[in-house]
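K.L.:
Sharing start_21.pdb below, PDB, C-alpha atoms:
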ATOM      1  CA  MET A 193      71.336  40.696 162.684
ATOM      2  CA  ASN A 194      73.828  42.776 160.712
ATOM      3  CA  PHE A 195      75.968  40.733 158.299
ATOM      4  CA  TYR A 196      79.057  41.607 156.277
ATOM      5  CA  ILE A 197      80.357  39.341 153.494
ATOM      6  CA  VAL A 198      83.985  39.199 152.325
ATOM      7  CA  ASP A 199      84.468  36.906 149.352
ATOM      8  CA  PRO A 200      86.295  37.443 146.029
ATOM      9  CA  ASN A 201      83.577  35.374 144.312
ATOM     10  CA  LYS A 202      80.706  37.716 143.368
ATOM     11  CA  GLU A 203      78.309  34.803 142.868
ATOM     12  CA  ASN A 204      78.965  33.690 146.448
ATOM     13  CA  ARG A 205      78.326  37.216 147.722
ATOM     14  CA  ASP A 206      75.048  37.497 145.813
ATOM     15  CA  ASN A 207      73.811  34.048 146.879
ATOM     16  CA  LEU A 208      74.655  34.667 150.534
ATOM     17  CA  ARG A 209      72.974  38.081 150.486
ATOM     18  CA  ASN A 210      69.791  36.479 149.134
ATOM     19  CA  LEU A 211      69.860  33.777 151.805
ATOM     20  CA  ILE A 212      70.447  36.254 154.614
ATOM     21  CA  GLU A 213      67.910  38.859 153.565
ATOM     22  CA  ALA A 214      65.198  36.228 153.116
ATOM     23  CA  ASP A 215      65.058  36.510 156.910
ATOM     24  CA  TYR A 216      63.397  39.850 157.663
ATOM     25  CA  ASP A 217      65.359  40.190 160.907
ATOM     26  CA  SER A 218      68.704  40.167 159.083
ATOM     27  CA  ILE A 219      70.411  42.572 156.713
ATOM     28  CA  VAL A 220      73.695  42.652 154.804
ATOM     29  CA  VAL A 221      75.280  45.999 155.676
ATOM     30  CA  GLY A 222      78.179  45.576 153.275
ATOM     31  CA  THR A 223      80.151  43.283 150.993
ATOM     32  CA  ALA A 224      83.683  43.297 149.626
ATOM     33  CA  GLY A 225      85.761  41.209 147.279
ATOM     34  CA  GLU A 226      89.131  41.970 148.869
ATOM     35  CA  SER A 227      90.582  42.461 152.335
ATOM     36  CA  ASN A 228      91.725  46.095 152.261
ATOM     37  CA  ARG A 229      88.310  47.541 151.484
ATOM     38  CA  ALA A 230      86.642  45.092 153.865
ATOM     39  CA  TYR A 231      88.888  46.118 156.763
ATOM     40  CA  SER A 232      88.286  49.843 156.192
ATOM     41  CA  GLU A 233      84.506  49.379 156.165
ATOM     42  CA  ILE A 234      84.127  46.769 158.913
ATOM     43  CA  ILE A 235      85.856  48.853 161.588
ATOM     44  CA  GLN A 236      83.345  51.641 160.950
ATOM     45  CA  LEU A 237      80.202  49.501 161.012
ATOM     46  CA  HIS A 238      78.224  47.643 163.637
ATOM     47  CA  ILE A 239      78.441  44.014 162.488
ATOM     48  CA  ASP A 240      77.040  40.996 164.292
ATOM     49  CA  ILE A 241      78.235  38.302 161.884
ATOM     50  CA  LEU A 242      81.105  38.346 159.390
ATOM     51  CA  ILE A 243      81.081  35.755 156.604
ATOM     52  CA  ILE A 244      84.573  35.490 155.181
ATOM     53  CA  ASN A 245      86.297  33.324 152.595
ATOM     54  CA  TYR A 246      89.411  31.434 153.655
ATOM     55  CA  ASN A 247      91.154  32.551 150.426
ATOM     56  CA  LEU A 248      90.689  36.303 149.958
ATOM     57  CA  ASP A 249      93.477  37.428 147.648
ATOM     58  CA  GLU A 250      97.180  36.980 146.987
ATOM     59  CA  LYS A 251      98.145  39.461 149.704
ATOM     60  CA  GLU A 252      95.993  38.267 152.567
ATOM     61  CA  LYS A 253      94.145  35.188 153.795
ATOM     62  CA  GLY A 254      90.867  35.265 155.644
ATOM     63  CA  LEU A 255      92.498  34.388 158.979
ATOM     64  CA  GLU A 256      94.894  37.346 158.654
ATOM     65  CA  LEU A 257      91.981  39.749 158.243
ATOM     66  CA  ILE A 258      90.235  38.204 161.254
ATOM     67  CA  ASN A 259      93.348  38.714 163.388
ATOM     68  CA  LYS A 260      93.658  42.343 162.252
ATOM     69  CA  LEU A 261      90.037  42.978 163.212
ATOM     70  CA  LYS A 262      90.474  41.356 166.622
ATOM     71  CA  ASN A 263      93.539  43.515 167.263
ATOM     72  CA  VAL A 264      91.438  46.692 166.929
ATOM     73  CA  GLY A 265      88.564  45.351 169.026
ATOM     74  CA  SER A 266      86.185  44.424 166.185
ATOM     75  CA  ARG A 267      84.822  41.025 167.225
ATOM     76  CA  PRO A 268      81.703  39.885 165.385
ATOM     77  CA  ARG A 269      80.873  36.186 165.116
ATOM     78  CA  PHE A 270      82.878  34.620 162.292
ATOM     79  CA  LEU A 271      81.581  32.182 159.681
ATOM     80  CA  MET A 272      84.263  31.025 157.239
ATOM     81  CA  ILE A 273      83.908  29.575 153.740
ATOM     82  CA  CYS A 274      86.658  26.980 153.300
ATOM     83  CA  PRO A 275      87.922  24.533 150.663
ATOM     84  CA  LYS A 276      88.908  21.037 151.746
ATOM     85  CA  LEU A 277      91.678  21.427 154.330
ATOM     86  CA  SER A 278      93.819  19.254 156.553
ATOM     87  CA  SER A 279      92.843  18.557 160.161
ATOM     88  CA  GLN A 280      95.577  20.893 161.417
ATOM     89  CA  GLU A 281      94.422  23.711 159.139
ATOM     90  CA  MET A 282      90.850  23.251 160.363
ATOM     91  CA  GLN A 283      92.077  23.394 163.956
ATOM     92  CA  ASN A 284      93.936  26.651 163.214
ATOM     93  CA  ILE A 285      90.711  28.129 161.863
ATOM     94  CA  TYR A 286      88.717  27.282 164.987
ATOM     95  CA  ASP A 287      91.573  28.497 167.199
ATOM     96  CA  SER A 288      91.267  31.884 165.459
ATOM     97  CA  SER A 289      87.747  32.423 166.872
ATOM     98  CA  VAL A 290      85.865  31.181 163.814
ATOM     99  CA  ASP A 291      82.512  29.828 165.016
ATOM    100  CA  LEU A 292      81.381  27.792 162.002
ATOM    101  CA  ILE A 293      82.767  26.609 158.677
ATOM    102  CA  ILE A 294      80.905  26.297 155.360
ATOM    103  CA  ALA A 295      82.403  23.977 152.777
ATOM    104  CA  SER A 296      83.433  25.407 149.416
ATOM    105  CA  PRO A 297      82.033  25.283 146.771
ATOM    106  CA  LEU A 298      78.882  26.551 148.460
ATOM    107  CA  ASN A 299      75.958  24.260 149.029
ATOM    108  CA  LEU A 300      73.075  26.712 149.488
ATOM    109  CA  VAL A 301      71.031  24.324 151.660
ATOM    110  CA  GLU A 302      73.973  23.851 154.015
ATOM    111  CA  ALA A 303      74.801  27.581 153.925
ATOM    112  CA  ARG A 304      71.210  28.493 154.888
ATOM    113  CA  GLN A 305      71.342  26.137 157.872
ATOM    114  CA  MET A 306      74.744  27.454 159.023
ATOM    115  CA  ILE A 307      73.529  31.053 158.748
ATOM    116  CA  ARG A 308      70.478  30.213 160.865
ATOM    117  CA  LEU A 309      72.640  28.522 163.489
ATOM    118  CA  ILE A 310      75.119  31.376 163.815
ATOM    119  CA  SER A 311      72.294  33.947 163.795
ATOM    120  CA  SER A 312      70.589  32.180 166.704
ATOM    121  CA  TYR A 313      73.888  31.986 168.565
ATOM    122  CA  ALA A 314      74.696  35.670 167.989
ATOM    123  CA  MET A 315      71.179  36.697 169.005
ATOM    124  CA  LEU A 316      71.500  34.754 172.260
ATOM    125  CA  LEU A 317      74.848  36.399 173.009
ATOM    126  CA  ASN A 318      73.374  39.843 172.276
ATOM    127  CA  ARG A 319      70.558  39.228 174.722
ATOM    128  CA  LEU A 320      72.994  38.059 177.379
ATOM    129  CA  ASN A 321      75.088  41.150 176.738
ATOM    130  CA  GLN A 322      72.033  43.389 177.120
ATOM    131  CA  ILE A 323      71.311  41.755 180.463
ATOM    132  CA  TYR A 324      74.914  42.330 181.477
ATOM    133  CA  GLU A 325      74.786  45.994 180.460
ATOM    134  CA  ILE A 326      71.588  46.563 182.406
ATOM    135  CA  SER A 327      73.106  44.978 185.509
ATOM    136  CA  SER A 328      76.486  46.676 185.144
ATOM    137  CA  SER A 329      77.447  50.321 185.279
ATOM    138  CA  SER A 330      80.154  49.842 182.645
ATOM    139  CA  ILE A 331      80.123  48.812 179.007
ATOM    140  CA  ALA A 332      81.246  45.277 178.293
ATOM    141  CA  PRO A 333      85.041  45.465 177.805
ATOM    142  CA  TYR A 334      85.123  43.802 174.406
ATOM    143  CA  THR A 335      82.872  46.493 172.903
ATOM    144  CA  ARG A 336      84.869  49.470 174.079
ATOM    145  CA  PRO A 337      87.729  49.529 171.518
ATOM    146  CA  GLN A 338      85.457  49.454 168.466
ATOM    147  CA  ALA A 339      83.105  52.043 170.007
ATOM    148  CA  LEU A 340      86.030  54.305 170.884
ATOM    149  CA  HIS A 341      87.501  53.976 167.393
ATOM    150  CA  ARG A 342      84.156  54.975 165.859
ATOM    151  CA  GLU A 343      83.900  57.999 168.174
ATOM    152  CA  GLN A 344      87.423  59.091 167.230
ATOM    153  CA  THR A 345      86.892  58.796 163.475
ATOM    154  CA  ASP A 346      83.470  60.466 163.719
ATOM    155  CA  HIS A 347      85.108  63.385 165.534
ATOM    156  CA  ILE A 348      87.803  63.623 162.851
ATOM    157  CA  ALA A 349      85.110  63.648 160.155
ATOM    158  CA  GLN A 350      83.424  66.548 161.987
ATOM    159  CA  VAL A 351      86.687  68.500 161.955
ATOM    160  CA  LEU A 352      87.088  67.912 158.208
ATOM    161  CA  ARG A 353      83.531  69.094 157.598
ATOM    162  CA  PHE A 354      84.261  72.173 159.692
ATOM    163  CA  LEU A 355      87.254  72.897 157.454
ATOM    164  CA  GLY A 356      85.002  72.596 154.410
ATOM    165  CA  ILE A 357      86.921  69.760 152.757
ATOM    166  CA  ALA A 358      84.523  66.830 153.300
ATOM    167  CA  ALA A 359      83.677  66.790 149.585
ATOM    168  CA  GLU A 360      87.255  67.149 148.313
ATOM    169  CA  ALA A 361      88.930  64.408 146.268
ATOM    170  CA  GLY A 362      91.448  63.588 148.995
ATOM    171  CA  ILE A 363      88.937  63.035 151.804
ATOM    172  CA  ASP A 364      88.795  59.232 151.414
ATOM    173  CA  ASP A 365      92.585  59.040 151.569
ATOM    174  CA  ILE A 366      92.628  61.214 154.682
ATOM    175  CA  MET A 367      90.058  59.031 156.446
ATOM    176  CA  LYS A 368      91.873  55.797 155.529
ATOM    177  CA  ILE A 369      95.088  57.140 157.055
ATOM    178  CA  CYS A 370      93.224  58.389 160.141
ATOM    179  CA  ASN A 371      91.581  54.985 160.549
ATOM    180  CA  ILE A 372      94.983  53.305 160.677
ATOM    181  CA  MET A 373      96.370  55.855 163.143
ATOM    182  CA  CYS A 374      93.357  55.453 165.444
ATOM    183  CA  ASP A 375      93.352  51.647 165.082
ATOM    184  CA  GLN A 376      96.993  51.265 165.994
ATOM    185  CA  ASN A 377      97.318  54.407 168.133
ATOM    186  CA  ILE A 378     100.349  55.507 166.128
ATOM    187  CA  GLU A 379     101.592  58.769 164.641
ATOM    188  CA  PHE A 380     101.824  59.514 160.930
ATOM    189  CA  SER A 381     105.536  58.664 160.663
ATOM    190  CA  GLN A 382     104.913  55.155 162.059
ATOM    191  CA  ILE A 383     102.403  54.063 159.384
ATOM    192  CA  ASN A 384     103.471  51.158 157.197
ATOM    193  CA  PHE A 385     101.700  52.197 153.990
ATOM    194  CA  GLU A 386     102.722  49.136 151.995
ATOM    195  CA  ARG A 387     101.421  46.721 154.641
ATOM    196  CA  ASP A 388      98.298  48.543 155.828
ATOM    197  CA  LEU A 389      97.113  50.251 152.631
ATOM    198  CA  HIS A 390      98.768  47.936 150.087
ATOM    199  CA  ILE A 391     100.232  50.827 148.103
ATOM    200  CA  THR A 392     103.593  51.390 146.432
ATOM    201  CA  GLU A 393     105.844  54.417 146.861
ATOM    202  CA  HIS A 394     104.529  55.747 143.544
ATOM    203  CA  ASP A 395     100.920  55.347 144.726
ATOM    204  CA  LYS A 396     101.816  57.061 147.988
ATOM    205  CA  ARG A 397     103.192  60.126 146.177
ATOM    206  CA  ILE A 398      99.970  60.415 144.167
ATOM    207  CA  ILE A 399      97.832  60.085 147.291
ATOM    208  CA  PHE A 400      99.895  62.678 149.181
ATOM    209  CA  GLN A 401      99.568  65.107 146.271
ATOM    210  CA  ARG A 402      95.784  64.620 146.287
ATOM    211  CA  ILE A 403      95.663  65.203 150.041
ATOM    212  CA  ARG A 404      97.770  68.373 149.775
ATOM    213  CA  ARG A 405      95.344  69.815 147.232
ATOM    214  CA  SER A 406      92.494  69.180 149.647
ATOM    215  CA  LEU A 407      94.417  70.734 152.540
ATOM    216  CA  LYS A 408      95.085  73.889 150.513
ATOM    217  CA  VAL A 409      91.313  74.326 150.318
ATOM    218  CA  GLY A 410      91.063  73.756 154.071
ATOM    219  CA  ILE A 411      93.785  76.318 154.794
ATOM    220  CA  SER A 412      92.022  78.899 152.632
ATOM    221  CA  ASN A 413      88.680  78.227 154.320
ATOM    222  CA  LEU A 414      90.188  78.394 157.797
ATOM    223  CA  ALA A 415      92.080  81.603 156.969
ATOM    224  CA  ASN A 416      88.832  83.216 155.816
ATOM    225  CA  MET A 417      87.155  82.208 159.074
ATOM    226  CA  CYS A 418      90.078  83.602 161.075
ATOM    227  CA  ILE A 419      89.727  86.910 159.253
ATOM    228  CA  ASP A 420      86.006  87.048 160.051
ATOM    229  CA  TYR A 421      86.362  85.832 163.644
ATOM    230  CA  PRO A 422      89.911  86.741 164.775
ATOM    231  CA  GLU A 423      89.293  86.033 168.481
ATOM    232  CA  ASN A 424      87.663  82.623 168.110
ATOM    233  CA  ASP A 425      89.724  80.169 170.180
ATOM    234  CA  ILE A 426      88.553  77.089 168.263
ATOM    235  CA  LEU A 427      89.740  78.571 164.981
ATOM    236  CA  LEU A 428      93.101  79.476 166.495
ATOM    237  CA  ASP A 429      93.476  75.951 167.913
ATOM    238  CA  TYR A 430      92.807  74.384 164.523
ATOM    239  CA  ALA A 431      95.118  76.879 162.808
ATOM    240  CA  ASN A 432      98.009  75.958 165.082
ATOM    241  CA  ASN A 433      97.375  72.246 165.697
ATOM    242  CA  LEU A 434      96.585  71.251 162.118
ATOM    243  CA  PHE A 435      98.478  73.660 159.877
ATOM    244  CA  GLU A 436     100.858  75.664 162.091
ATOM    245  CA  TYR A 437      99.581  79.175 162.604
ATOM    246  CA  ARG A 438     102.279  80.784 160.433
ATOM    247  CA  ASN A 439     100.737  79.118 157.378
ATOM    248  CA  ILE A 440      97.250  80.358 158.224
ATOM    249  CA  HIS A 441      98.701  83.832 158.847
ATOM    250  CA  SER A 442     100.410  83.764 155.429
ATOM    251  CA  GLU A 443      97.147  82.743 153.778
ATOM    252  CA  MET A 444      95.288  85.522 155.618
ATOM    253  CA  ARG A 445      97.799  88.075 154.286
ATOM    254  CA  LYS A 446      97.404  86.666 150.797
ATOM    255  CA  LEU A 447      93.599  86.894 151.013
ATOM    256  CA  ASN A 448      93.955  90.522 152.138
ATOM    257  CA  GLY A 449      96.051  91.303 149.042
ATOM    258  CA  GLU A 450      99.352  91.554 150.940
ATOM    259  CA  ASN A 451     102.680  89.933 150.146
ATOM    260  CA  ALA A 452     103.069  86.642 151.975
ATOM    261  CA  LYS A 453     105.361  83.645 152.188
ATOM    262  CA  PRO A 454     104.142  80.520 150.366
ATOM    263  CA  VAL A 455     102.130  78.079 152.479
ATOM    264  CA  GLN A 456     104.094  74.955 153.406
ATOM    265  CA  ILE A 457     101.886  71.958 154.146
ATOM    266  CA  SER A 458     103.254  69.368 156.555
ATOM    267  CA  LEU A 459     101.228  66.161 156.280
ATOM    268  CA  GLN A 460     102.875  64.853 159.433
ATOM    269  CA  HIS A 461     101.826  67.943 161.410
ATOM    270  CA  PHE A 462      98.290  67.794 160.012
ATOM    271  CA  PHE A 463      97.657  64.089 160.659
ATOM    272  CA  ASN A 464      99.264  64.096 164.097
ATOM    273  CA  GLY A 465      97.109  67.124 164.911
ATOM    274  CA  LEU A 466      93.992  65.240 163.805
ATOM    275  CA  LEU A 467      95.007  62.284 165.970
ATOM    276  CA  GLN A 468      95.439  64.550 168.997
ATOM    277  CA  GLU A 469      92.087  66.134 168.219
ATOM    278  CA  SER A 470      90.460  62.686 168.161
ATOM    279  CA  TYR A 471      91.662  62.034 171.723
ATOM    280  CA  ARG A 472      89.186  64.649 172.934
ATOM    281  CA  VAL A 473      86.436  62.018 172.756
ATOM    282  CA  LYS A 474      88.131  60.158 175.633
ATOM    283  CA  LYS A 475      87.589  63.044 178.002
TER     284      LYS A 475
END
Show me the file's structure as structure tokens.

P.N.:
Amino acid sequence: MNFYIVDPNKENRDNLRNLIEADYDSIVVGTAGESNRAYSEIIQLHIDILIINYNLDEKEKGLELINKLKNVGSRPRFLMICPKLSSQEMQNIYDSSVDLIIASPLNLVEARQMIRLISSYAMLLNRLNQIYEISSSSIAPYTRPQALHREQTDHIAQVLRFLGIAAEAGIDDIMKICNIMCDQNIEFSQINFERDLHITEHDKRIIFQRIRRSLKVGISNLANMCIDYPENDILLDYANNLFEYRNIHSEMRKLNGENAKPVQISLQHFFNGLLQESYRVKK
């Protein structure tokens, strides 16, 4: 079983990891102390069981993160760590697809038993799903969105490696933005940066500047490739779809020692081009 733990309390995360990995059939594939990082990682991983604290941080509760994950098709089994709550609050938790609740502060004996119970339940469901897949020509519907999202972001990562910018400082920012666009199937101009990335306008300007520096490297690399292989259709597609060909042409002239107009980077054009490129995995 693959587990992921989201809890602002590091001691809880360490204790739960030890309990889980005492079982040789289980592994903790990731942990996080806050919701934003957890969301970015969870949608890219195969997770069977998510252990999540009811109180994550000031900006987001555990149930809000669960709902965000369900909206993008990520549906592991949920085990929630909760303080003492009212009957109505407990009902809201179970109505949000949480399978089991562990009382907070953690009792390690109780936590071990709950982890064993939810592991057995998840293992049974996995076996039933395997039987279903063998007997059906299609993938179970609830697994398709997460699988498709992973294929899209993997394809985008391949494009970035092709451009030679996978090691640049802005690559993490680029992938976070692409994750949101693929999750919500929206264009760059529709992203709510404050809500989805928890950043201010000042932070956004810094991030955009970092991305532009990375894209300048990509433009230079792509222009060099276009000079070496002027009739390569893939290069021409990337030049036009990601950067607008006029910018690549200007960079080619500059590399050849000719006078050229300055390159103008449009983040909207670049990210929308990456999103369109990611749709190729659907074909």

K.L.:
Please determine the residues with any atom at most 10 Å from (84.1, 51.3, 161.5) (coordinates as given in the file, with all atoms listed in the file counting) and report them as a list of chain:residue names.

P.N.:
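Residues satisfying the cut-off, written out: A:Tyr231, A:Ser232, A:Glu233, A:Ile234, A:Ile235, A:Gln236, A:Leu237, A:His238, A:Ile239, A:Ser266, A:Gln338, A:Ala339, A:His341, A:Arg342, A:Glu343, A:Thr345, A:Asp346, A:Asn371, A:Asp375.
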
K.L.:
Sorted by chain and rising residue number, list the residues of range 368-398 of chain A at most 10 Å from range 254-265 of chain A (counting all atoms listed in the file), each with its closest atom pair and distance in Å to one decimal, as a Markdown table.

P.N.:
| residue | atom | partner | partner_atom | distance |
| --- | --- | --- | --- | --- |
| A:Ile372 | CA | A:Val264 | CA | 9.8 |
| A:Cys374 | CA | A:Val264 | CA | 9.1 |
| A:Asp375 | CA | A:Val264 | CA | 5.6 |
| A:Gln376 | CA | A:Val264 | CA | 7.3 |
| A:Asn377 | CA | A:Val264 | CA | 9.8 |

K.L.:
Could you tell me, as a VMD selection string, exactly which residues end up selected when the PyMOL selection byres ((chain A and resi 351-365) around 8) is applied to this structure?

P.N.:
chain A and resid 347 to 350 366 to 369 399 402 to 407 409 to 411 413 to 414

K.L.:
List as a PyMOL selection string the protein and nucleic acid residues near range 195-211 of chain A, meaning an atom at most 7 Å away when only C-alpha atoms are counted, but skip any in the same chain fewer than 6 places from it.

P.N.:
chain A and resi 219-226+230+239-245+248+304

K.L.:
Mind telling me what the PyMOL selection byres ((chain A and resi 428) around 12) catches here, as a list in words?

P.N.:
Leu414, Ala415, Met417, Cys418, Ile419, Tyr421, Pro422, Glu423, Asn424, Asp425, Ile426, Leu427, Asp429, Tyr430, Ala431, Asn432, Asn433, Leu434, Phe435, Glu436, Tyr437, Arg438, Asn439, Ile440 and His441 of chain A

K.L.:
For Leu459 in chain A, which of A:Asp395, A:Glu379, A:Glu252, A:Asp287 is the closest residue, counting all atoms listed in the file?

P.N.:
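Looking only at the distances to Leu459 in chain A, the closest residue turns out to be A:Glu379.
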
K.L.:
For a quick check of understanding, using all atoms listed in the file, which of A:Tyr246, A:Arg269, A:His390, A:Leu292 has the smallest distance to Gln305 in chain A?

P.N.:
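Among the listed residues, A:Leu292 lies closest to Gln305 in chain A.
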
K.L.:
I'd like the box whose edges run along x, y and z of the file and which contains every listed atom of range 298-302 of chain A, padded by 6 Å per side; could you state its centre and edge lengths in Å, one decimal, as JSON?

P.N.:
{"center_x": 75.0, "center_y": 25.3, "center_z": 151.2, "size_x": 19.9, "size_y": 14.9, "size_z": 17.6}

K.L.:
Residues picked by the PyMOL selection byres ((chain A and resi 467-473) around 7) here, as a count of residues only?

P.N.:
10

K.L.:
Quick one: distance from CA of Met272 in chain A to CA of Asp215 in chain A in Å, one decimal?

P.N.:
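CA of Asp215 in chain A lies 20.0 Å from CA of Met272 in chain A.
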
K.L.:
Please supply range 233-245 of chain A, rebuilt with N, CA and C atoms, as a tab-separated table (two decimals), in the coordinates of the input.

P.N.:
chain	number	residue	atom	x	y	z
A	233	GLU	N	85.94	49.22	155.94
A	233	GLU	CA	84.51	49.38	156.16
A	233	GLU	C	84.06	48.72	157.47
A	234	ILE	N	84.58	47.53	157.75
A	234	ILE	CA	84.13	46.77	158.91
A	234	ILE	C	84.38	47.52	160.21
A	235	ILE	N	85.54	48.17	160.33
A	235	ILE	CA	85.86	48.85	161.59
A	235	ILE	C	84.99	50.08	161.82
A	236	GLN	N	84.23	50.49	160.80
A	236	GLN	CA	83.34	51.64	160.95
A	236	GLN	C	81.87	51.24	161.08
A	237	LEU	N	81.58	49.96	161.00
A	237	LEU	CA	80.20	49.50	161.01
A	237	LEU	C	79.91	48.66	162.24
A	238	HIS	N	78.64	48.59	162.60
A	238	HIS	CA	78.22	47.64	163.64
A	238	HIS	C	77.85	46.35	162.93
A	239	ILE	N	78.63	45.30	163.16
A	239	ILE	CA	78.44	44.01	162.49
A	239	ILE	C	78.30	42.92	163.53
A	240	ASP	N	77.24	42.13	163.39
A	240	ASP	CA	77.04	41.00	164.29
A	240	ASP	C	77.74	39.75	163.78
A	241	ILE	N	77.69	39.53	162.46
A	241	ILE	CA	78.24	38.30	161.88
A	241	ILE	C	79.03	38.64	160.62
A	242	LEU	N	80.25	38.16	160.57
A	242	LEU	CA	81.10	38.35	159.39
A	242	LEU	C	81.27	37.00	158.69
A	243	ILE	N	80.85	36.94	157.43
A	243	ILE	CA	81.08	35.76	156.60
A	243	ILE	C	82.29	36.04	155.73
A	244	ILE	N	83.30	35.18	155.83
A	244	ILE	CA	84.57	35.49	155.18
A	244	ILE	C	85.15	34.25	154.51
A	245	ASN	N	85.70	34.43	153.32
A	245	ASN	CA	86.30	33.32	152.60
A	245	ASN	C	87.71	33.07	153.11
